[in-house]
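J.: Just so it is clear, I am handing over coords.txt, which has compact mmCIF, C-alpha atoms.
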```txt
# COMPACT_ATOMS: atom_id res chain seq x y z
CA MET Q 1 24.09 -29.25 -4.60
CA GLU Q 2 27.42 -27.77 -3.69
CA TYR Q 3 26.18 -24.40 -2.50
CA GLU Q 4 26.92 -23.72 1.17
CA PHE Q 5 24.62 -21.39 3.02
CA HIS Q 6 26.19 -18.85 5.33
CA TRP Q 7 23.40 -17.25 7.31
CA ASN Q 8 25.61 -15.43 9.83
CA ILE Q 9 26.38 -12.53 7.56
CA VAL Q 10 22.66 -12.02 6.92
CA PHE Q 11 21.90 -11.83 10.63
CA GLN Q 12 24.73 -9.36 11.13
CA LYS Q 13 23.20 -7.13 8.49
CA MET Q 14 19.66 -7.50 9.81
CA PRO Q 15 19.42 -3.89 11.08
CA GLU Q 16 20.18 -2.61 7.59
CA LEU Q 17 17.62 -4.93 6.03
CA LEU Q 18 14.99 -3.87 8.54
CA ASN Q 19 15.82 -0.27 7.77
CA GLY Q 20 15.30 -1.08 4.09
CA ALA Q 21 11.96 -2.68 4.89
CA PHE Q 22 10.99 0.47 6.74
CA VAL Q 23 11.84 2.60 3.69
CA THR Q 24 9.74 0.23 1.54
CA LEU Q 25 6.75 0.65 3.82
CA HIS Q 26 7.34 4.35 4.06
CA VAL Q 27 7.49 4.96 0.32
CA SER Q 28 4.42 2.85 -0.38
CA VAL Q 29 2.32 4.51 2.32
CA LEU Q 30 3.31 7.94 1.04
CA ALA Q 31 2.66 6.89 -2.57
CA MET Q 32 -0.75 5.59 -1.55
CA LEU Q 33 -1.77 8.74 0.35
CA LEU Q 34 -0.65 11.11 -2.41
CA GLY Q 35 -2.18 8.78 -5.00
CA ILE Q 36 -5.55 8.89 -3.22
CA VAL Q 37 -5.56 12.69 -3.08
CA ILE Q 38 -4.71 13.03 -6.78
CA ALA Q 39 -7.12 10.25 -7.73
CA ILE Q 40 -10.00 12.06 -6.01
CA LEU Q 41 -9.20 15.19 -8.02
CA LEU Q 42 -8.88 13.22 -11.25
CA ALA Q 43 -12.12 11.35 -10.62
CA ILE Q 44 -13.94 14.64 -10.04
CA ALA Q 45 -12.37 16.02 -13.22
CA LYS Q 46 -13.44 12.96 -15.20
CA MET Q 47 -17.04 13.10 -13.99
CA ASN Q 48 -17.34 16.83 -14.40
CA ASN Q 49 -17.44 16.89 -18.19
CA SER Q 50 -15.46 20.15 -18.27
CA LYS Q 51 -13.41 19.40 -21.36
CA PRO Q 52 -9.78 20.37 -20.54
CA PHE Q 53 -9.72 18.78 -17.08
CA CYS Q 54 -11.52 15.69 -18.26
CA TYR Q 55 -8.98 15.37 -21.07
CA VAL Q 56 -5.98 15.64 -18.72
CA ALA Q 57 -7.50 13.05 -16.38
CA THR Q 58 -8.22 10.62 -19.21
CA VAL Q 59 -4.69 10.89 -20.60
CA TRP Q 60 -3.22 10.40 -17.11
CA VAL Q 61 -5.35 7.33 -16.42
CA GLU Q 62 -4.66 5.69 -19.79
CA ILE Q 63 -0.89 6.22 -19.63
CA ALA Q 64 -0.72 4.96 -16.04
CA ARG Q 65 -2.73 1.84 -16.85
CA ASN Q 66 -1.12 0.95 -20.15
CA THR Q 67 2.61 1.26 -19.57
CA PRO Q 68 4.88 -0.79 -17.29
CA ALA Q 69 5.78 0.48 -13.83
CA LEU Q 70 9.46 0.13 -14.70
CA PHE Q 71 8.90 2.49 -17.62
CA GLN Q 72 7.42 5.12 -15.33
CA ILE Q 73 10.39 4.83 -12.98
CA TYR Q 74 12.89 5.13 -15.84
CA MET Q 75 10.95 8.10 -17.14
CA ALA Q 76 11.14 9.84 -13.76
CA TYR Q 77 14.75 8.90 -13.16
CA PHE Q 78 16.38 9.19 -16.61
CA GLY Q 79 13.74 10.89 -18.77
CA LEU Q 80 13.23 14.01 -16.72
CA GLY Q 81 16.98 14.61 -16.92
CA ALA Q 82 16.38 15.95 -20.42
CA PHE Q 83 14.51 18.86 -18.84
CA GLY Q 84 17.29 19.41 -16.33
CA ILE Q 85 15.26 17.81 -13.53
CA HIS Q 86 17.37 15.28 -11.64
CA LEU Q 87 15.39 13.34 -9.08
CA SER Q 88 16.93 11.22 -6.37
CA PRO Q 89 16.08 7.50 -6.60
CA TYR Q 90 13.66 7.85 -3.70
CA VAL Q 91 11.75 10.72 -5.30
CA ALA Q 92 11.80 9.03 -8.71
CA VAL Q 93 10.29 5.80 -7.40
CA LEU Q 94 7.84 7.72 -5.23
CA SER Q 95 6.60 9.89 -8.09
CA ALA Q 96 6.26 6.89 -10.42
CA LEU Q 97 4.23 5.01 -7.81
CA VAL Q 98 2.07 8.06 -7.12
CA PHE Q 99 1.46 8.42 -10.85
CA ILE Q 100 0.31 4.83 -11.26
CA ASN Q 101 -1.66 4.65 -8.01
CA ALA Q 102 -3.52 7.81 -8.97
CA GLY Q 103 -4.27 6.37 -12.42
CA TYR Q 104 -5.71 3.12 -11.10
CA LEU Q 105 -7.54 4.62 -8.12
CA THR Q 106 -9.27 7.21 -10.31
CA GLU Q 107 -11.19 4.44 -12.03
CA THR Q 108 -11.86 2.75 -8.69
CA PHE Q 109 -13.28 5.92 -7.19
CA ARG Q 110 -15.30 6.76 -10.27
CA GLY Q 111 -16.73 3.25 -10.41
CA GLY Q 112 -17.52 3.36 -6.69
CA PHE Q 113 -19.25 6.69 -6.98
CA GLN Q 114 -21.25 5.79 -10.07
CA SER Q 115 -22.41 2.52 -8.55
CA ILE Q 116 -24.58 4.53 -6.14
CA PRO Q 117 -27.85 5.43 -7.85
CA SER Q 118 -28.52 9.16 -8.02
CA THR Q 119 -32.06 8.53 -6.82
CA GLN Q 120 -30.61 8.01 -3.34
CA TYR Q 121 -29.35 11.56 -3.47
CA SER Q 122 -32.74 12.99 -4.42
CA ALA Q 123 -34.50 10.80 -1.88
CA SER Q 124 -32.28 12.02 0.97
CA LYS Q 125 -32.65 15.60 -0.18
CA SER Q 126 -36.41 15.27 -0.15
CA LEU Q 127 -36.19 13.97 3.41
CA GLY Q 128 -34.66 17.31 4.34
CA MET Q 129 -30.97 16.45 4.50
CA THR Q 130 -28.42 19.01 3.42
CA SER Q 131 -25.96 18.13 0.64
CA PHE Q 132 -23.20 17.64 3.17
CA GLN Q 133 -25.34 15.28 5.21
CA VAL Q 134 -26.24 13.27 2.13
CA TYR Q 135 -22.59 12.70 1.36
CA ARG Q 136 -21.62 12.12 4.97
CA TYR Q 137 -24.36 9.62 5.87
CA ILE Q 138 -25.59 8.11 2.61
CA ILE Q 139 -23.07 8.23 -0.21
CA LEU Q 140 -19.62 8.02 1.40
CA PRO Q 141 -20.34 5.01 3.66
CA GLN Q 142 -21.59 2.95 0.72
CA MET Q 143 -18.79 4.13 -1.52
CA LEU Q 144 -16.12 3.34 1.06
CA ARG Q 145 -17.45 -0.19 1.27
CA ARG Q 146 -17.12 -0.67 -2.48
CA ILE Q 147 -13.66 0.82 -2.90
CA TYR Q 148 -12.13 -0.71 0.21
CA HIS Q 149 -10.88 -3.94 -1.34
CA PRO Q 150 -9.55 -2.42 -4.56
CA MET Q 151 -7.70 0.11 -2.40
CA THR Q 152 -6.12 -2.61 -0.26
CA ASN Q 153 -5.02 -4.42 -3.42
CA GLN Q 154 -3.53 -1.23 -4.78
CA PHE Q 155 -1.60 -0.73 -1.55
CA VAL Q 156 -0.17 -4.25 -1.66
CA TRP Q 157 0.67 -3.70 -5.33
CA SER Q 158 2.58 -0.53 -4.50
CA ILE Q 159 4.54 -2.33 -1.78
CA LEU Q 160 5.54 -5.00 -4.28
CA MET Q 161 6.32 -2.53 -7.05
CA SER Q 162 8.51 -0.37 -4.82
CA SER Q 163 10.95 -3.27 -5.16
CA LEU Q 164 11.80 -1.81 -8.58
CA GLY Q 165 13.88 0.69 -6.65
CA ILE Q 166 16.59 -1.96 -7.01
CA LEU Q 167 17.09 -0.81 -10.60
CA VAL Q 168 17.76 2.83 -9.82
CA GLY Q 169 19.78 2.26 -6.67
CA MET Q 170 17.19 3.21 -4.10
CA SER Q 171 17.86 2.05 -0.55
CA GLU Q 172 14.56 0.29 0.14
CA LEU Q 173 14.37 -3.39 0.98
CA SER Q 174 15.37 -4.82 -2.39
CA GLY Q 175 17.93 -2.10 -3.07
CA THR Q 176 19.55 -2.67 0.32
CA THR Q 177 19.53 -6.41 -0.33
CA GLN Q 178 21.22 -5.86 -3.67
CA ARG Q 179 23.90 -3.65 -2.12
CA LEU Q 180 24.57 -6.10 0.72
CA GLN Q 181 24.76 -9.09 -1.59
CA SER Q 182 27.23 -7.36 -3.89
CA LEU Q 183 29.43 -6.64 -0.88
CA SER Q 184 29.29 -10.18 0.45
CA PHE Q 185 28.47 -12.35 -2.62
CA ARG Q 186 25.85 -14.24 -0.59
CA THR Q 187 23.11 -13.70 -3.17
CA LEU Q 188 20.79 -16.55 -2.26
CA GLU Q 189 20.80 -15.89 1.47
CA PHE Q 190 20.09 -12.20 1.17
CA PHE Q 191 17.37 -12.57 -1.42
CA ILE Q 192 15.67 -15.39 0.46
CA VAL Q 193 15.52 -13.18 3.55
CA ALA Q 194 14.23 -10.28 1.44
CA ALA Q 195 11.54 -12.51 -0.06
CA VAL Q 196 10.46 -13.63 3.41
CA MET Q 197 10.34 -10.03 4.58
CA TYR Q 198 8.19 -8.97 1.62
CA PHE Q 199 5.90 -11.91 2.31
CA ILE Q 200 5.53 -10.91 5.95
CA ILE Q 201 4.92 -7.26 5.11
CA THR Q 202 2.18 -8.01 2.58
CA LYS Q 203 0.56 -10.57 4.87
CA LEU Q 204 0.57 -8.08 7.76
CA VAL Q 205 -1.03 -5.47 5.53
CA LEU Q 206 -3.71 -7.89 4.33
CA ILE Q 207 -4.50 -9.18 7.82
CA SER Q 208 -4.72 -5.71 9.35
CA SER Q 209 -6.86 -4.55 6.47
CA SER Q 210 -9.32 -7.38 6.94
CA LEU Q 211 -9.44 -6.71 10.69
CA LEU Q 212 -10.07 -3.05 9.98
CA SER Q 213 -12.80 -3.90 7.48
CA ARG Q 214 -14.49 -6.10 10.05
CA ARG Q 215 -14.51 -3.20 12.45
CA LEU Q 216 -15.55 -0.60 9.88
CA PHE Q 217 -18.24 -2.56 8.09
CA LYS Q 218 -19.19 -5.08 10.81
CA GLY Q 219 -18.76 -8.01 8.47
CA GLU Q 220 -21.11 -6.75 5.79
CA ILE Q 221 -18.44 -6.66 3.11
CA MET W 222 38.67 13.43 -31.37
CA ASN W 223 35.49 11.44 -31.40
CA SER W 224 32.68 12.23 -29.05
CA LEU W 225 32.23 9.76 -26.21
CA PHE W 226 28.56 9.29 -27.02
CA THR W 227 27.20 8.38 -30.44
CA PRO W 228 23.77 9.69 -31.33
CA LEU W 229 20.86 7.44 -32.14
CA SER W 230 20.94 6.28 -35.75
CA TRP W 231 18.93 4.08 -38.08
CA ASP W 232 21.43 1.28 -37.49
CA ASP W 233 19.92 0.85 -34.05
CA THR W 234 16.54 -0.17 -35.46
CA GLY W 235 17.54 -3.82 -35.62
CA PHE W 236 18.64 -3.72 -31.99
CA ILE W 237 15.39 -2.13 -30.86
CA LEU W 238 13.36 -4.58 -32.93
CA THR W 239 15.13 -7.48 -31.21
CA GLY W 240 13.98 -5.98 -27.93
CA VAL W 241 10.42 -5.63 -29.20
CA TRP W 242 10.43 -9.20 -30.50
CA ASN W 243 11.83 -10.55 -27.24
CA THR W 244 9.25 -8.68 -25.17
CA VAL W 245 6.47 -10.08 -27.33
CA THR W 246 7.87 -13.64 -27.25
CA ILE W 247 8.28 -13.86 -23.51
CA SER W 248 4.86 -12.29 -22.89
CA VAL W 249 3.14 -14.72 -25.25
CA VAL W 250 4.93 -17.71 -23.70
CA ALA W 251 4.10 -16.57 -20.16
CA ILE W 252 0.45 -15.90 -21.00
CA LEU W 253 0.02 -19.25 -22.77
CA VAL W 254 1.75 -21.38 -20.16
CA GLY W 255 0.31 -19.34 -17.31
CA THR W 256 -3.21 -19.70 -18.69
CA LEU W 257 -2.93 -23.47 -19.13
CA LEU W 258 -1.41 -24.01 -15.68
CA GLY W 259 -3.83 -21.53 -14.16
CA LEU W 260 -6.75 -23.33 -15.75
CA ALA W 261 -5.61 -26.64 -14.25
CA VAL W 262 -4.86 -25.21 -10.81
CA GLY W 263 -7.99 -23.07 -10.77
CA PHE W 264 -10.09 -26.10 -11.68
CA MET W 265 -8.52 -28.22 -8.95
CA ARG W 266 -8.97 -25.50 -6.38
CA SER W 267 -12.61 -24.95 -7.31
CA GLU W 268 -13.23 -28.59 -6.48
CA SER W 269 -12.30 -27.56 -2.91
CA ASN W 270 -10.21 -30.56 -2.07
CA LYS W 271 -8.57 -29.76 1.26
CA PHE W 272 -5.16 -31.16 0.39
CA VAL W 273 -5.02 -29.37 -2.96
CA ASN W 274 -6.09 -26.13 -1.34
CA ILE W 275 -3.41 -26.22 1.33
CA VAL W 276 -0.58 -27.11 -1.06
CA PHE W 277 -1.51 -24.79 -3.91
CA GLY W 278 -2.87 -22.08 -1.64
CA GLY W 279 0.52 -21.74 0.04
CA VAL W 280 2.51 -21.75 -3.17
CA LEU W 281 0.20 -19.27 -4.88
CA ASP W 282 0.31 -17.05 -1.83
CA ILE W 283 4.09 -16.91 -1.99
CA LEU W 284 4.09 -16.28 -5.74
CA ARG W 285 1.68 -13.41 -5.28
CA SER W 286 3.21 -11.71 -2.27
CA VAL W 287 6.89 -11.70 -3.18
CA PRO W 288 7.86 -9.07 -5.76
CA LEU W 289 8.49 -10.48 -9.23
CA ILE W 290 11.96 -8.96 -9.36
CA ILE W 291 13.02 -10.83 -6.20
CA GLN W 292 11.57 -14.07 -7.60
CA LEU W 293 13.52 -13.62 -10.82
CA ILE W 294 16.82 -12.97 -9.07
CA LEU W 295 16.26 -15.79 -6.57
CA PHE W 296 15.34 -18.33 -9.22
CA SER W 297 18.19 -17.55 -11.58
CA THR W 298 20.78 -17.56 -8.78
CA PHE W 299 19.30 -20.71 -7.36
CA VAL W 300 19.49 -22.72 -10.58
CA GLY W 301 23.01 -21.36 -11.04
CA ALA W 302 24.01 -22.38 -7.54
CA ILE W 303 22.81 -25.96 -7.92
CA GLY W 304 24.77 -26.24 -11.13
CA TYR W 305 22.14 -25.90 -13.88
CA PRO W 306 22.43 -22.34 -15.09
CA LEU W 307 19.58 -21.54 -17.49
CA ASP W 308 19.69 -18.91 -20.18
CA PRO W 309 17.81 -15.70 -19.36
CA PHE W 310 14.92 -16.48 -21.70
CA LEU W 311 14.23 -19.87 -20.13
CA ALA W 312 14.65 -18.69 -16.55
CA GLY W 313 12.55 -15.61 -17.26
CA SER W 314 9.75 -17.58 -18.90
CA ILE W 315 9.61 -20.09 -16.07
CA VAL W 316 9.32 -17.43 -13.37
CA LEU W 317 6.96 -15.25 -15.38
CA SER W 318 4.74 -18.21 -16.26
CA LEU W 319 4.48 -19.30 -12.65
CA TYR W 320 3.75 -15.74 -11.60
CA THR W 321 1.04 -15.55 -14.28
CA MET W 322 -0.34 -18.90 -13.16
CA ALA W 323 -0.77 -17.54 -9.63
CA PHE W 324 -3.08 -14.79 -10.87
CA MET W 325 -4.77 -16.80 -13.62
CA SER W 326 -5.70 -19.62 -11.24
CA GLU W 327 -7.65 -17.20 -9.04
CA VAL W 328 -9.40 -15.79 -12.10
CA PHE W 329 -10.38 -19.25 -13.34
CA ARG W 330 -11.34 -20.46 -9.90
CA SER W 331 -13.81 -17.63 -9.49
CA GLY W 332 -15.10 -18.44 -12.98
CA PHE W 333 -15.65 -22.10 -12.16
CA GLU W 334 -17.27 -21.23 -8.86
CA SER W 335 -19.63 -18.76 -10.54
CA VAL W 336 -21.28 -21.59 -12.47
CA ASN W 337 -24.55 -22.45 -10.85
CA GLN W 338 -24.37 -25.69 -8.86
CA SER W 339 -27.93 -26.65 -9.82
CA MET W 340 -26.98 -26.48 -13.50
CA GLN W 341 -24.34 -29.14 -12.91
CA THR W 342 -26.72 -31.27 -10.92
CA ALA W 343 -29.25 -30.99 -13.75
CA ALA W 344 -26.61 -32.02 -16.27
CA ARG W 345 -25.60 -34.99 -14.18
CA SER W 346 -29.21 -36.09 -13.79
CA LEU W 347 -29.60 -35.98 -17.57
CA GLY W 348 -26.96 -38.66 -17.73
CA MET W 349 -23.84 -36.63 -18.50
CA THR W 350 -20.61 -37.96 -17.06
CA TYR W 351 -18.51 -35.81 -14.74
CA TRP W 352 -16.13 -34.81 -17.52
CA GLN W 353 -19.00 -34.02 -19.84
CA THR W 354 -20.42 -31.55 -17.33
CA VAL W 355 -16.98 -30.02 -17.04
CA TYR W 356 -16.53 -29.78 -20.80
CA TYR W 357 -20.04 -28.73 -21.86
CA ILE W 358 -21.25 -26.77 -18.83
CA ARG W 359 -18.55 -25.47 -16.54
CA LEU W 360 -15.85 -24.57 -19.02
CA PRO W 361 -17.95 -22.59 -21.51
CA ILE W 362 -20.07 -20.80 -18.91
CA GLY W 363 -17.30 -20.18 -16.40
CA LEU W 364 -14.73 -19.04 -18.93
CA ARG W 365 -17.04 -16.57 -20.61
CA ALA W 366 -17.68 -14.87 -17.29
CA VAL W 367 -14.01 -14.28 -16.56
CA PHE W 368 -12.84 -13.16 -19.98
CA PRO W 369 -12.35 -9.48 -18.97
CA SER W 370 -10.32 -10.48 -15.89
CA TRP W 371 -8.26 -12.86 -18.01
CA LEU W 372 -7.51 -10.00 -20.38
CA GLY W 373 -6.56 -7.80 -17.43
CA VAL W 374 -4.09 -10.35 -16.08
CA SER W 375 -2.61 -10.86 -19.56
CA LEU W 376 -2.11 -7.14 -19.92
CA SER W 377 -0.36 -6.89 -16.59
CA VAL W 378 1.90 -9.76 -17.68
CA ILE W 379 2.90 -7.86 -20.81
CA LYS W 380 3.80 -4.92 -18.61
CA ASP W 381 5.54 -7.02 -15.95
CA SER W 382 7.64 -8.74 -18.62
CA ALA W 383 9.75 -5.57 -18.54
CA LEU W 384 11.23 -6.84 -15.28
CA VAL W 385 12.85 -9.87 -16.89
CA SER W 386 15.60 -7.45 -17.89
CA VAL W 387 17.13 -7.83 -14.40
CA ILE W 388 18.36 -11.33 -15.18
CA GLY W 389 19.85 -10.21 -18.48
CA TYR W 390 17.10 -10.96 -20.98
CA MET W 391 17.29 -8.49 -23.86
CA GLU W 392 13.71 -7.27 -23.85
CA LEU W 393 12.59 -3.86 -24.98
CA LEU W 394 13.28 -1.90 -21.83
CA ARG W 395 16.77 -3.35 -21.49
CA THR W 396 17.73 -2.60 -25.08
CA SER W 397 16.50 0.93 -24.58
CA ASP W 398 18.47 1.13 -21.34
CA GLN W 399 21.63 0.22 -23.22
CA LEU W 400 20.88 2.67 -26.00
CA ILE W 401 20.36 5.36 -23.38
CA SER W 402 23.75 4.75 -21.84
CA ARG W 403 25.37 4.89 -25.30
CA THR W 404 23.53 7.86 -26.76
CA GLN W 405 22.59 9.85 -23.65
CA GLN W 406 19.20 10.67 -25.20
CA PRO W 407 16.91 9.18 -22.57
CA LEU W 408 13.77 11.13 -23.29
CA MET W 409 13.38 10.26 -26.97
CA ILE W 410 14.11 6.57 -26.49
CA LEU W 411 11.88 6.24 -23.45
CA ILE W 412 8.98 7.97 -25.18
CA GLY W 413 9.36 5.49 -28.04
CA VAL W 414 9.28 2.60 -25.58
CA GLY W 415 6.25 4.06 -23.83
CA ILE W 416 4.40 4.39 -27.12
CA PHE W 417 5.16 0.77 -27.98
CA TYR W 418 3.72 -0.54 -24.71
CA PHE W 419 0.79 1.82 -25.04
CA ILE W 420 -0.21 0.71 -28.53
CA ILE W 421 -0.11 -2.90 -27.40
CA SER W 422 -2.07 -2.50 -24.17
CA TYR W 423 -4.50 0.29 -24.95
CA PRO W 424 -6.61 -1.53 -27.58
CA LEU W 425 -6.71 -4.64 -25.42
CA SER W 426 -7.70 -2.79 -22.26
CA SER W 427 -10.38 -0.80 -24.09
CA TYR W 428 -11.72 -4.02 -25.56
CA GLY W 429 -11.76 -5.55 -22.06
CA ARG W 430 -13.75 -2.63 -20.71
CA TYR W 431 -16.13 -2.85 -23.68
CA VAL W 432 -16.79 -6.55 -23.07
CA GLU W 433 -17.22 -5.92 -19.35
CA ARG W 434 -19.79 -3.20 -20.06
CA LYS W 435 -21.65 -5.40 -22.50
CA MET W 436 -21.76 -8.31 -20.07
CA ALA W 437 -22.91 -6.18 -17.15
CA ILE W 438 -26.11 -5.16 -18.91
```
Output the file's structure in the form of structure tokens.
T.:
Amino acid sequence: MEYEFHWNIVFQKMPELLNGAFVTLHVSVLAMLLGIVIAILLAIAKMNNSKPFCYVATVWVEIARNTPALFQIYMAYFGLGAFGIHLSPYVAVLSALVFINAGYLTETFRGGFQSIPSTQYSASKSLGMTSFQVYRYIILPQMLRRIYHPMTNQFVWSILMSSLGILVGMSELSGTTQRLQSLSFRTLEFFIVAAVMYFIITKLVLISSSLLSRRLFKGEI
Amino acid sequence: MNSLFTPLSWDDTGFILTGVWNTVTISVVAILVGTLLGLAVGFMRSESNKFVNIVFGGVLDILRSVPLIIQLILFSTFVGAIGYPLDPFLAGSIVLSLYTMAFMSEVFRSGFESVNQSMQTAARSLGMTYWQTVYYIRLPIGLRAVFPSWLGVSLSVIKDSALVSVIGYMELLRTSDQLISRTQQPLMILIGVGIFYFIISYPLSSYGRYVERKMAI
């Protein structure tokens, strides 16, 4: 093997890489939060049986689940140009991730909600609870337990998929890595460091999520 | 003077079809190889041998928590740097297959572990050899249970195969990318691409949900 590693340049550029990692985390957290809000609305629309809303939600979910993430990003970045909408790489990646997160989480939420038998609702009502109390004390705690792991997985997925920003020139971790390597030609070094950083980020997310779940559910999960 | 951009024409069909064909080929290769490797690794891990678990657990962890795009770039630069440059199809299939294996092995492991231990003990006490219990008891029962998850992983591989374009493999999304830069008609081309992926994945994912529903009852 005649390749010589030069790690110095990577350490010099560490602040920029860390900044990229911060953007990665930032975009995936934002995509997750917006995705959750939209997914709640879509799940309500899907369960409500009011035709037009249900239809929109179904189309959204099926498109999000059955097309590649890269396609969604291209659509947001190049496709919307046909309508005169020009998004910046950051907004394009963010909106694509929100679109997919919302699509997947809708099914998660709906499944979580439907897994709780409706008899529990009537039982609590007959015990004299108000509707709000039923949701607050009976339904939401059980539902949260069931959707917690799928939600963590979705979050990790959106961290990993934000790396597609490399293809539209976004300055998150992989995009920054790409830019730095094309300036310095040290491809292997930069991408190894990026891989390690992604690994650390996802591990940190998984560890903190399992700690949080232990605290939230007291080990019942 | 000629216009800088040429509109989309029927002559481009062949080019697009190459992309379609390449997407299908690499997905099929990755699913096949990934399933076979995943089956082997999942089986070994379900036997809960400590050494196997530490070695494979680490590797699988890395494969699952580093983005596919980074793995692709790293692998193709790495084989180039040590002096064995591979063509994009080969490099892409290797990385994609390993990535698939990482997910498939977890699917199969949970399948193998879902088979009742007492059933295996019963089979052994009836005089079956170890491999007979594997072949007649664990494989059929375990694999049936995980079919929907297997289908789900396969579908995500078809979708993730779009990323192989970064190392220069001419799959569907890359051909469309090139057509977009030539014709400047992004919307039409991208909608076509979207429809293609949709008509491949939608029937499969609906079938998966149907099987899952049937098995749950």
J.: Interatomic distance between atom CA of Q:Leu41 and atom CA of Q:Leu94?
T.: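 Value for the atom CA of Q:Leu41-atom CA of Q:Leu94 distance: 18.8 Å.
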J.: For Q:Arg179, work out the shell of residues within 12 Å, counting all atoms listed in the file and skipping chain neighbours fewer than 6 positions away, then give it as a compact mmCIF listing (two decimals) with C-alpha atoms, in the frame of the given file.
T.:
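See result_14.txt below for the written result:
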```txt
# COMPACT_ATOMS: atom_id res chain seq x y z
CA LYS Q 13 23.20 -7.13 8.49
CA GLU Q 16 20.18 -2.61 7.59
CA LEU Q 17 17.62 -4.93 6.03
CA GLY Q 20 15.30 -1.08 4.09
CA GLY Q 165 13.88 0.69 -6.65
CA ILE Q 166 16.59 -1.96 -7.01
CA LEU Q 167 17.09 -0.81 -10.60
CA VAL Q 168 17.76 2.83 -9.82
CA GLY Q 169 19.78 2.26 -6.67
CA MET Q 170 17.19 3.21 -4.10
CA SER Q 171 17.86 2.05 -0.55
CA GLU Q 172 14.56 0.29 0.14
CA LEU Q 173 14.37 -3.39 0.98
CA PHE Q 185 28.47 -12.35 -2.62
CA ARG Q 186 25.85 -14.24 -0.59
CA THR Q 187 23.11 -13.70 -3.17
CA PHE Q 190 20.09 -12.20 1.17
CA PHE Q 191 17.37 -12.57 -1.42
```
J.: What does the distance from atom CA of W:Ile275 to atom CA of Q:Ala195 come to in Å, to one decimal?
T.: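 The value is 20.3 Å.
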J.: Taking all atoms listed in the file into account and nothing else, which residues of chain W lie no more than 7 Å away from chain Q? Please answer as a list in words.
T.: Ile283, Ser286, Val287, Pro288, Ile291, Leu295, Thr298, Phe299, Ala302, Ile303, Lys380, Asp381, Ala383, Pro407, Leu408, Leu411, Gly415, Tyr418, Phe419, Ser422 and Tyr423 of chain W
J.: Can you find the residues with an atom no farther than 7 Å from (0.9, -14.9, -6.6), counting all atoms listed in the file, and report them as an NGL selection string?
T.: :W and (281-286 or 320 or 323-324)
J.: Give me a file of those residues, with C-alpha atoms, as an mmCIF file, in the frame of the given file.
T.:
```cif
data_model
loop_
_atom_site.group_PDB
_atom_site.id
_atom_site.type_symbol
_atom_site.label_atom_id
_atom_site.label_comp_id
_atom_site.auth_asym_id
_atom_site.auth_seq_id
_atom_site.Cartn_x
_atom_site.Cartn_y
_atom_site.Cartn_z
ATOM 1 C CA LEU W 281 0.200 -19.270 -4.880
ATOM 2 C CA ASP W 282 0.310 -17.050 -1.830
ATOM 3 C CA ILE W 283 4.090 -16.910 -1.990
ATOM 4 C CA LEU W 284 4.090 -16.280 -5.740
ATOM 5 C CA ARG W 285 1.680 -13.410 -5.280
ATOM 6 C CA SER W 286 3.210 -11.710 -2.270
ATOM 7 C CA TYR W 320 3.750 -15.740 -11.600
ATOM 8 C CA ALA W 323 -0.770 -17.540 -9.630
ATOM 9 C CA PHE W 324 -3.080 -14.790 -10.870
#
```
J.: Please compute the atom CA of Q:Gln154-atom CA of W:Leu289 distance, one decimal, in Å.
T.: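 A separation of 15.8 Å between them.
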